[in-house]
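Undergrad: Pasting target-v7.cif below, which is mmCIF, C-alpha atoms and all ligand atoms.
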data_my_file
loop_
_atom_site.label_atom_id
_atom_site.label_comp_id
_atom_site.auth_asym_id
_atom_site.auth_seq_id
_atom_site.Cartn_x
_atom_site.Cartn_y
_atom_site.Cartn_z
CA MET H 294 0.00 0.00 0.00
CA LYS H 295 1.45 3.36 -1.06
CA ARG H 296 1.74 6.04 1.63
CA TRP H 297 -0.66 8.91 1.08
CA SER H 298 0.77 12.39 1.11
CA TYR H 299 -1.26 15.03 2.93
CA PRO H 300 -3.61 16.75 2.46
CA VAL H 301 -6.12 14.13 1.37
CA VAL H 302 -9.44 14.72 -0.37
CA VAL H 303 -11.74 11.68 -0.39
CA LEU H 304 -14.71 11.94 -2.76
CA ASN H 305 -17.59 9.68 -1.83
CA PHE H 306 -19.67 8.89 -4.92
CA LYS H 307 -22.40 7.23 -2.77
CA ALA H 308 -25.16 5.85 -5.01
CA TYR H 309 -25.80 9.10 -6.85
CA ARG H 310 -26.96 8.53 -10.42
CA GLU H 311 -24.35 11.02 -11.66
CA ALA H 312 -21.62 8.94 -10.03
CA VAL H 313 -22.23 5.34 -11.12
CA GLY H 314 -21.05 3.56 -14.28
CA SER H 315 -20.07 6.03 -16.99
CA GLY H 316 -20.76 8.91 -14.58
CA ALA H 317 -18.25 7.41 -12.14
CA GLU H 318 -15.68 7.30 -14.97
CA ARG H 319 -16.33 10.91 -15.88
CA LEU H 320 -15.92 12.08 -12.27
CA ALA H 321 -12.88 9.86 -11.65
CA TYR H 322 -11.25 11.40 -14.73
CA VAL H 323 -11.83 14.86 -13.27
CA ALA H 324 -10.50 13.73 -9.88
CA GLU H 325 -7.35 12.24 -11.41
CA THR H 326 -6.70 15.31 -13.57
CA VAL H 327 -6.98 17.74 -10.66
CA SER H 328 -4.98 15.47 -8.34
CA LYS H 329 -2.10 15.29 -10.84
CA GLU H 330 -2.19 18.99 -11.65
CA LEU H 331 -2.06 20.11 -8.03
CA GLY H 332 -0.20 17.21 -6.43
CA VAL H 333 -2.96 16.54 -3.89
CA THR H 334 -3.98 13.00 -2.90
CA VAL H 335 -7.53 12.53 -4.18
CA ALA H 336 -9.27 9.18 -3.64
CA VAL H 337 -12.74 8.14 -4.79
CA ALA H 338 -15.08 5.81 -2.87
CA VAL H 339 -17.36 4.08 -5.36
CA GLN H 340 -20.01 1.40 -5.66
CA PRO H 341 -18.52 -2.13 -5.57
CA THR H 342 -19.72 -2.65 -9.14
CA ASP H 343 -17.55 0.26 -10.30
CA VAL H 344 -14.32 -0.62 -8.49
CA HIS H 345 -12.81 -2.69 -11.29
CA ARG H 346 -14.12 -0.41 -14.03
CA LEU H 347 -12.24 2.51 -12.46
CA SER H 348 -9.16 0.74 -11.10
CA SER H 349 -8.38 -0.68 -14.53
CA ARG H 350 -8.48 2.78 -16.10
CA PHE H 351 -7.20 5.23 -13.50
CA GLU H 352 -4.16 5.56 -11.26
CA LEU H 353 -5.91 7.41 -8.44
CA PRO H 354 -6.82 5.41 -5.32
CA ILE H 355 -10.17 3.67 -5.69
CA LEU H 356 -11.96 2.81 -2.45
CA GLY H 357 -14.97 0.70 -1.64
CA GLN H 358 -17.77 2.31 0.35
CA HIS H 359 -18.23 -0.64 2.68
CA VAL H 360 -16.77 -4.06 3.54
CA ASP H 361 -18.54 -6.89 5.32
CA PRO H 362 -16.67 -8.59 8.16
CA HIS H 363 -16.26 -11.94 6.40
CA GLU H 364 -13.15 -13.49 5.00
CA GLU H 365 -14.66 -15.74 2.34
CA GLY H 366 -17.34 -18.39 1.87
CA SER H 367 -21.12 -18.58 1.75
CA TRP H 368 -21.95 -14.89 2.14
CA THR H 369 -24.30 -14.11 -0.74
CA GLY H 370 -24.60 -10.40 -1.41
CA HIS H 371 -21.76 -9.44 0.92
CA VAL H 372 -18.67 -7.47 -0.10
CA THR H 373 -15.40 -8.97 1.12
CA ALA H 374 -11.98 -7.38 1.45
CA VAL H 375 -10.58 -10.10 -0.82
CA ALA H 376 -13.10 -9.22 -3.55
CA LEU H 377 -12.29 -5.52 -3.24
CA ARG H 378 -8.56 -6.18 -3.55
CA GLU H 379 -9.11 -8.46 -6.54
CA ALA H 380 -11.15 -5.70 -8.17
CA GLY H 381 -8.26 -3.28 -7.73
CA ALA H 382 -9.42 -1.26 -4.73
CA GLU H 383 -6.81 0.36 -2.53
CA GLY H 384 -9.03 0.31 0.53
CA SER H 385 -12.48 1.05 1.82
CA LEU H 386 -14.66 3.26 3.94
CA LEU H 387 -16.23 1.47 6.88
CA ASN H 388 -19.20 2.36 9.06
CA HIS H 389 -20.37 5.32 6.97
CA SER H 390 -23.51 6.91 8.49
CA GLU H 391 -25.47 5.54 5.56
CA ARG H 392 -23.99 2.05 6.06
CA ARG H 393 -23.51 1.62 9.79
CA ILE H 394 -22.06 -1.57 11.29
CA GLY H 395 -21.32 -2.51 14.91
CA LEU H 396 -17.99 -1.96 16.65
CA SER H 397 -17.05 -5.65 16.59
CA GLU H 398 -17.82 -5.79 12.87
CA ILE H 399 -15.69 -2.70 12.27
CA ALA H 400 -12.84 -4.30 14.21
CA ILE H 401 -12.99 -7.46 12.08
CA ALA H 402 -13.31 -5.52 8.82
CA VAL H 403 -10.29 -3.32 9.68
CA GLU H 404 -8.25 -6.49 10.29
CA LEU H 405 -9.44 -8.13 7.07
CA LEU H 406 -8.54 -5.02 5.07
CA ARG H 407 -5.13 -4.91 6.75
CA LYS H 408 -4.58 -8.58 5.95
CA GLU H 409 -5.26 -7.84 2.27
CA GLY H 410 -2.89 -4.87 2.32
CA LEU H 411 -5.80 -2.44 1.97
CA ARG H 412 -6.41 0.92 3.63
CA SER H 413 -9.27 1.41 6.09
CA ILE H 414 -11.10 4.67 6.70
CA VAL H 415 -13.49 4.26 9.61
CA CYS H 416 -16.31 6.80 9.75
CA ALA H 417 -17.67 7.96 13.10
CA ASP H 418 -20.53 10.26 14.01
CA THR H 419 -19.14 11.83 17.20
CA PRO H 420 -15.79 12.49 18.88
CA LEU H 421 -16.42 9.59 21.27
CA THR H 422 -17.09 7.09 18.50
CA SER H 423 -14.05 8.52 16.69
CA LYS H 424 -12.01 7.58 19.75
CA ALA H 425 -13.40 4.04 19.71
CA ALA H 426 -12.63 3.84 15.99
CA GLY H 427 -9.10 5.17 16.55
CA ALA H 428 -8.43 2.45 19.10
CA LEU H 429 -8.82 -0.11 16.29
CA ARG H 430 -5.82 1.52 14.56
CA PRO H 431 -7.35 2.00 11.13
CA ASP H 432 -5.41 4.01 8.56
CA LEU H 433 -7.73 6.99 9.04
CA VAL H 434 -10.78 8.00 11.05
CA ALA H 435 -13.39 10.27 9.41
CA VAL H 436 -15.71 12.20 11.71
CA GLU H 437 -19.04 13.19 10.16
CA PRO H 438 -22.05 14.46 12.13
CA PRO H 439 -24.91 12.75 10.25
CA GLU H 440 -27.33 15.67 10.64
CA LEU H 441 -25.09 17.85 8.44
CA ILE H 442 -24.52 15.32 5.67
CA GLY H 443 -25.87 16.56 2.34
CA THR H 444 -27.07 19.87 3.83
CA GLY H 445 -24.40 22.21 2.45
CA ILE H 446 -23.81 23.34 6.06
CA SER H 447 -20.23 22.46 6.75
CA VAL H 448 -19.10 20.62 9.87
CA SER H 449 -15.93 22.71 9.91
CA LYS H 450 -17.92 25.93 10.21
CA ALA H 451 -21.12 24.88 11.98
CA ARG H 452 -19.61 22.33 14.44
CA PRO H 453 -15.85 23.02 14.62
CA GLU H 454 -15.76 21.66 18.19
CA VAL H 455 -16.77 18.22 16.87
CA VAL H 456 -13.70 18.21 14.64
CA THR H 457 -11.20 19.48 17.21
CA GLU H 458 -12.58 17.13 19.85
CA ALA H 459 -12.42 14.15 17.48
CA VAL H 460 -8.80 14.99 16.60
CA ARG H 461 -7.93 15.28 20.29
CA MET H 462 -9.68 12.06 21.30
CA VAL H 463 -8.28 9.96 18.47
CA SER H 464 -4.81 11.26 19.22
CA SER H 465 -5.29 10.36 22.91
CA VAL H 466 -5.65 6.68 21.98
CA ASP H 467 -3.24 6.64 19.05
CA PRO H 468 -1.41 9.77 17.88
CA GLY H 469 -0.49 7.88 14.71
CA VAL H 470 -4.06 7.71 13.40
CA PRO H 471 -4.89 10.76 11.26
CA VAL H 472 -8.38 12.24 11.11
CA LEU H 473 -10.52 13.47 8.23
CA CYS H 474 -13.80 15.31 8.57
CA GLY H 475 -16.85 15.53 6.39
CA ALA H 476 -20.50 16.56 6.18
CA GLY H 477 -21.80 19.55 4.31
CA ILE H 478 -18.41 20.66 3.03
CA SER H 479 -19.22 22.82 0.01
CA THR H 480 -16.73 25.66 -0.35
CA PRO H 481 -12.94 26.02 -0.44
CA GLU H 482 -13.21 27.93 2.84
CA ASP H 483 -14.92 24.90 4.46
CA VAL H 484 -11.97 22.76 3.36
CA TYR H 485 -9.45 25.31 4.62
CA ARG H 486 -11.15 25.41 8.03
CA ALA H 487 -11.33 21.60 8.26
CA ILE H 488 -7.56 21.28 7.96
CA GLU H 489 -6.93 24.26 10.20
CA LEU H 490 -8.88 22.38 12.90
CA GLY H 491 -6.29 19.58 12.88
CA THR H 492 -7.45 17.13 10.23
CA VAL H 493 -5.32 15.84 7.36
CA GLY H 494 -8.14 16.27 4.87
CA VAL H 495 -11.80 15.99 4.05
CA LEU H 496 -14.52 13.61 2.91
CA ILE H 497 -16.86 15.23 0.39
CA SER H 498 -19.80 14.00 -1.64
CA SER H 499 -22.67 16.14 -2.92
CA ALA H 500 -20.75 19.38 -3.50
CA PHE H 501 -18.54 17.53 -5.99
CA VAL H 502 -20.92 14.94 -7.44
CA LYS H 503 -23.74 17.43 -7.98
CA SER H 504 -21.53 20.31 -9.16
CA LYS H 505 -22.24 21.81 -12.59
CA ASP H 506 -18.48 22.14 -13.02
CA PRO H 507 -16.81 19.39 -10.96
CA GLN H 508 -13.33 20.25 -12.20
CA HIS H 509 -13.62 23.86 -11.07
CA THR H 510 -15.17 22.79 -7.76
CA LEU H 511 -12.50 20.19 -6.99
CA THR H 512 -9.70 22.54 -8.02
CA GLY H 513 -10.95 25.05 -5.45
CA PHE H 514 -11.15 22.36 -2.75
CA CYS H 515 -7.65 21.04 -3.47
CA GLN H 516 -6.07 24.50 -3.60
CA ALA H 517 -7.63 25.36 -0.25
CA ALA H 518 -6.50 22.02 1.21
CA LEU H 519 -2.91 22.64 0.10
CA LYS H 520 -2.89 26.20 1.39
CA SER H 521 -4.28 25.24 4.78
CA HIS H 522 -1.98 22.23 5.13
CA GLU H 523 1.06 24.37 4.27
CA SER H 524 0.10 27.09 6.67
CA ARG H 525 -0.49 24.59 9.50
CA SER H 526 2.78 22.77 8.82
CA SER H 527 4.68 26.06 8.94
CA ARG H 528 3.20 26.73 12.39
CA LEU H 529 4.12 23.30 13.83
O1 LIG H 601 -18.97 10.62 2.97
C1 LIG H 601 -19.14 11.98 2.73
C2 LIG H 601 -20.40 12.46 3.22
O2 LIG H 601 -21.22 11.67 3.96
C3 LIG H 601 -20.64 13.90 3.23
O3 LIG H 601 -21.63 14.10 2.28
O4 LIG H 601 -22.86 15.41 0.67
O5 LIG H 601 -22.42 16.33 2.93
O6 LIG H 601 -20.54 16.10 1.31
P1 LIG H 601 -21.87 15.58 1.77
#
Output the file's structure in the form of structure tokens.

TA:
Amino acid sequence: MKRWSYPVVVLNFKAYREAVGSGAERLAYVAETVSKELGVTVAVAVQPTDVHRLSSRFELPILGQHVDPHEEGSWTGHVTAVALREAGAEGSLLNHSERRIGLSEIAIAVELLRKEGLRSIVCADTPLTSKAAGALRPDLVAVEPPELIGTGISVSKARPEVVTEAVRMVSSVDPGVPVLCGAGISTPEDVYRAIELGTVGVLISSAFVKSKDPQHTLTGFCQAALKSHESRSSRL
């Protein structure tokens, strides 16, 4: 697994019509172009049916949106870490608000991803659940207050204390686990604030997927991410 440079922008394609099949290809092309132009790590989390389609065509990290806690066998309809790796995924989100699983399932799924050499990004809805997620030593924790998801009201502006608290609590159990934040992030300023609050990047969906000009939108997000990351690093 390649190390990700910071900042990181993870684009969650969810199950939006604009972001499946050929739409997923179109948006992944935009993501790869902007990522290469600006030198920012941009990953896309896609439907399991699109993982191979994108991984065979693009170099950017392709992530699953969910993994079931099963190694292999008679698990009809489940998505395994082995299947994701075989399809060319670099990792997966786990426990997204729209695909919650229990703590013991998250723990198993993180291990299964690790065993396959895949990256895990565990989503959490509060600072406390972020801490529990951090204790499992995933590659990243992503804090997202569910009530702000898809609203256009950014967590980094409306609930900055959730982000700073999540960063503090995750670091208290394992300072080596970096934190992302997401929910409602829609402007470059939202991205700038998110990183200023101590995260290494952001998780974004609707503002990118639904944008009339995704390339312009993502360019703004990535420029803000770089600027904020640089300014924070110079202060450390
Ligand atoms: O996984 C990202 C997400 O849940 C945030 O969605 O639409 O508020 O950017 P959105």

Undergrad: Residues within 12 Å of Leu405 (chain H), please, as an mmCIF file with C-alpha atoms, keeping the file's coordinate frame. Count only C-alpha atoms; anything in the same chain fewer than 5 positions from it doesn't count.

TA:
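Saved to result_27.cif:
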data_model
loop_
_atom_site.group_PDB
_atom_site.id
_atom_site.type_symbol
_atom_site.label_atom_id
_atom_site.label_comp_id
_atom_site.auth_asym_id
_atom_site.auth_seq_id
_atom_site.Cartn_x
_atom_site.Cartn_y
_atom_site.Cartn_z
ATOM 1 C CA VAL H 360 -16.770 -4.060 3.540
ATOM 2 C CA ASP H 361 -18.540 -6.890 5.320
ATOM 3 C CA PRO H 362 -16.670 -8.590 8.160
ATOM 4 C CA HIS H 363 -16.260 -11.940 6.400
ATOM 5 C CA GLU H 364 -13.150 -13.490 5.000
ATOM 6 C CA GLU H 365 -14.660 -15.740 2.340
ATOM 7 C CA VAL H 372 -18.670 -7.470 -0.100
ATOM 8 C CA THR H 373 -15.400 -8.970 1.120
ATOM 9 C CA ALA H 374 -11.980 -7.380 1.450
ATOM 10 C CA VAL H 375 -10.580 -10.100 -0.820
ATOM 11 C CA ALA H 376 -13.100 -9.220 -3.550
ATOM 12 C CA LEU H 377 -12.290 -5.520 -3.240
ATOM 13 C CA ARG H 378 -8.560 -6.180 -3.550
ATOM 14 C CA GLY H 384 -9.030 0.310 0.530
ATOM 15 C CA SER H 385 -12.480 1.050 1.820
ATOM 16 C CA LEU H 387 -16.230 1.470 6.880
ATOM 17 C CA GLU H 398 -17.820 -5.790 12.870
ATOM 18 C CA ILE H 399 -15.690 -2.700 12.270
ATOM 19 C CA ALA H 400 -12.840 -4.300 14.210
ATOM 20 C CA GLY H 410 -2.890 -4.870 2.320
ATOM 21 C CA LEU H 411 -5.800 -2.440 1.970
ATOM 22 C CA ARG H 412 -6.410 0.920 3.630
ATOM 23 C CA SER H 413 -9.270 1.410 6.090
ATOM 24 C CA PRO H 431 -7.350 2.000 11.130
#

Undergrad: Show me, as a PyMOL selection string, the residues that have an atom within 10 Å of Asp432 (chain H) when counting all atoms listed in the file, minus same-chain residues fewer than 3 positions from it.

TA: chain H and resi 384+403+407+411-415+427+429+469-472

Undergrad: Point out the residue among H:Val337, H:Ala402, H:Ile442, H:Ala312 with the least atom-to-atom distance to ligand LIG 601 (chain H), counting only C-alpha atoms and all ligand atoms.

TA: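 Checking each of H:Val337, H:Ala402, H:Ile442, H:Ala312 against ligand LIG 601 (chain H), counting only C-alpha atoms and all ligand atoms, the winner is H:Ile442.
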
Undergrad: Between CA of Glu437 (chain H) and CA of Pro420 (chain H), what is the distance in Å, rounded to a tenth?

TA: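 It comes out at 9.3 Å.
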
Undergrad: From the options H:Ile355, H:Val339, H:Leu441, H:Leu496, which residue's atoms come nearest to Tyr309 (chain H), counting all atoms listed in the file?

TA: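 Counting all atoms listed in the file, the residue closest to Tyr309 (chain H) is H:Val339.
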
Undergrad: Would you give the centre and edge lengths, in Å to one decimal, of a box along x, y and z around the listed atoms of ligand LIG 601 (chain H), with 3 Å added to each side, as lines of an AutoDock Vina configuration file?

TA:
center_x = -20.9
center_y = 13.5
center_z = 2.3
size_x = 9.9
size_y = 11.7
size_z = 9.3

Undergrad: Do you know which residues are at most 8 Å from Leu353 (chain H) counting all atoms listed in the file, after dropping those on the same chain fewer than 5 positions away, and could you put them as a list in words?

TA: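 Listing them by chain and then by number gives Ala324, Glu325, Val335, Ala336, Val337 and Ser348 of chain H.
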
Undergrad: Please report the interatomic distance between CA of Glu352 (chain H) and CA of Ala317 (chain H) in Å with one decimal.

TA: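 Calculated distance between CA of Glu352 (chain H) and CA of Ala317 (chain H) is 14.2 Å.
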
Undergrad: For Arg525 (chain H), which residue out of H:Met294, H:Ala459, H:Val313, H:Ala487 is the nearest one, using only C-alpha atoms?

TA: H:Ala487

Undergrad: List every protein, DNA or RNA residue with an atom no more than 10 Å from (-25.7, -4.0, 7.6) in the file's coordinates, counting only C-alpha atoms, and format the result as number ranges by chain.

TA: H: 359-361, 371, 388, 391-395, 398

Undergrad: Check every protein, DNA and RNA residue against ligand LIG 601 (chain H), keep those with an atom at most 9 Å away (counting all atoms listed in the file), and present them as an MDAnalysis selection string.

TA: chainID H and resid 303:307 338 358 386 389:391 416 435 437:439 441:448 474:479 495:503

Undergrad: When you write region 346-362 of chain H out from the block above, keep N, CA, C and O atoms and present the result as an mmCIF file, in the first residue's frame, please.

TA:
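And here's out.cif as it stands now:
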data_model
loop_
_atom_site.group_PDB
_atom_site.id
_atom_site.type_symbol
_atom_site.label_atom_id
_atom_site.label_comp_id
_atom_site.auth_asym_id
_atom_site.auth_seq_id
_atom_site.Cartn_x
_atom_site.Cartn_y
_atom_site.Cartn_z
ATOM 1 N N ARG H 346 -13.996 -1.311 -12.877
ATOM 2 C CA ARG H 346 -14.124 -0.406 -14.029
ATOM 3 C C ARG H 346 -13.163 0.793 -13.873
ATOM 4 O O ARG H 346 -12.519 1.210 -14.839
ATOM 5 N N LEU H 347 -13.078 1.331 -12.665
ATOM 6 C CA LEU H 347 -12.236 2.511 -12.462
ATOM 7 C C LEU H 347 -10.777 2.139 -12.205
ATOM 8 O O LEU H 347 -9.871 2.799 -12.706
ATOM 9 N N SER H 348 -10.559 1.066 -11.444
ATOM 10 C CA SER H 348 -9.163 0.738 -11.099
ATOM 11 C C SER H 348 -8.385 0.300 -12.334
ATOM 12 O O SER H 348 -7.170 0.442 -12.402
ATOM 13 N N SER H 349 -9.099 -0.244 -13.346
ATOM 14 C CA SER H 349 -8.380 -0.683 -14.531
ATOM 15 C C SER H 349 -8.071 0.494 -15.451
ATOM 16 O O SER H 349 -7.299 0.381 -16.384
ATOM 17 N N ARG H 350 -8.683 1.646 -15.198
ATOM 18 C CA ARG H 350 -8.477 2.778 -16.095
ATOM 19 C C ARG H 350 -7.713 3.942 -15.460
ATOM 20 O O ARG H 350 -7.070 4.701 -16.166
ATOM 21 N N PHE H 351 -7.798 4.052 -14.139
ATOM 22 C CA PHE H 351 -7.205 5.233 -13.496
ATOM 23 C C PHE H 351 -6.125 4.842 -12.501
ATOM 24 O O PHE H 351 -6.124 3.725 -11.992
ATOM 25 N N GLU H 352 -5.232 5.822 -12.237
ATOM 26 C CA GLU H 352 -4.164 5.556 -11.262
ATOM 27 C C GLU H 352 -4.555 6.020 -9.866
ATOM 28 O O GLU H 352 -3.923 5.677 -8.887
ATOM 29 N N LEU H 353 -5.593 6.872 -9.777
ATOM 30 C CA LEU H 353 -5.911 7.411 -8.441
ATOM 31 C C LEU H 353 -6.485 6.307 -7.552
ATOM 32 O O LEU H 353 -7.021 5.312 -8.059
ATOM 33 N N PRO H 354 -6.327 6.455 -6.222
ATOM 34 C CA PRO H 354 -6.822 5.414 -5.320
ATOM 35 C C PRO H 354 -8.343 5.246 -5.418
ATOM 36 O O PRO H 354 -9.089 6.216 -5.302
ATOM 37 N N ILE H 355 -8.748 3.996 -5.638
ATOM 38 C CA ILE H 355 -10.171 3.668 -5.689
ATOM 39 C C ILE H 355 -10.511 2.948 -4.384
ATOM 40 O O ILE H 355 -9.830 1.985 -4.004
ATOM 41 N N LEU H 356 -11.550 3.404 -3.725
ATOM 42 C CA LEU H 356 -11.962 2.808 -2.452
ATOM 43 C C LEU H 356 -13.355 2.221 -2.576
ATOM 44 O O LEU H 356 -14.184 2.747 -3.329
ATOM 45 N N GLY H 357 -13.600 1.154 -1.780
ATOM 46 C CA GLY H 357 -14.975 0.696 -1.637
ATOM 47 C C GLY H 357 -15.692 1.627 -0.657
ATOM 48 O O GLY H 357 -15.057 2.418 0.043
ATOM 49 N N GLN H 358 -17.000 1.493 -0.600
ATOM 50 C CA GLN H 358 -17.769 2.315 0.349
ATOM 51 C C GLN H 358 -18.103 1.538 1.612
ATOM 52 O O GLN H 358 -18.584 2.095 2.596
ATOM 53 N N HIS H 359 -17.860 0.224 1.563
ATOM 54 C CA HIS H 359 -18.232 -0.643 2.682
ATOM 55 C C HIS H 359 -17.574 -2.012 2.485
ATOM 56 O O HIS H 359 -17.382 -2.445 1.346
ATOM 57 N N VAL H 360 -17.252 -2.665 3.596
ATOM 58 C CA VAL H 360 -16.772 -4.058 3.545
ATOM 59 C C VAL H 360 -17.496 -4.839 4.619
ATOM 60 O O VAL H 360 -17.672 -4.347 5.744
ATOM 61 N N ASP H 361 -17.922 -6.032 4.302
ATOM 62 C CA ASP H 361 -18.537 -6.893 5.315
ATOM 63 C C ASP H 361 -17.445 -7.651 6.065
ATOM 64 O O ASP H 361 -16.385 -7.934 5.508
ATOM 65 N N PRO H 362 -17.722 -7.989 7.336
ATOM 66 C CA PRO H 362 -16.671 -8.592 8.163
ATOM 67 C C PRO H 362 -16.531 -10.105 7.948
ATOM 68 O O PRO H 362 -16.546 -10.864 8.914
#
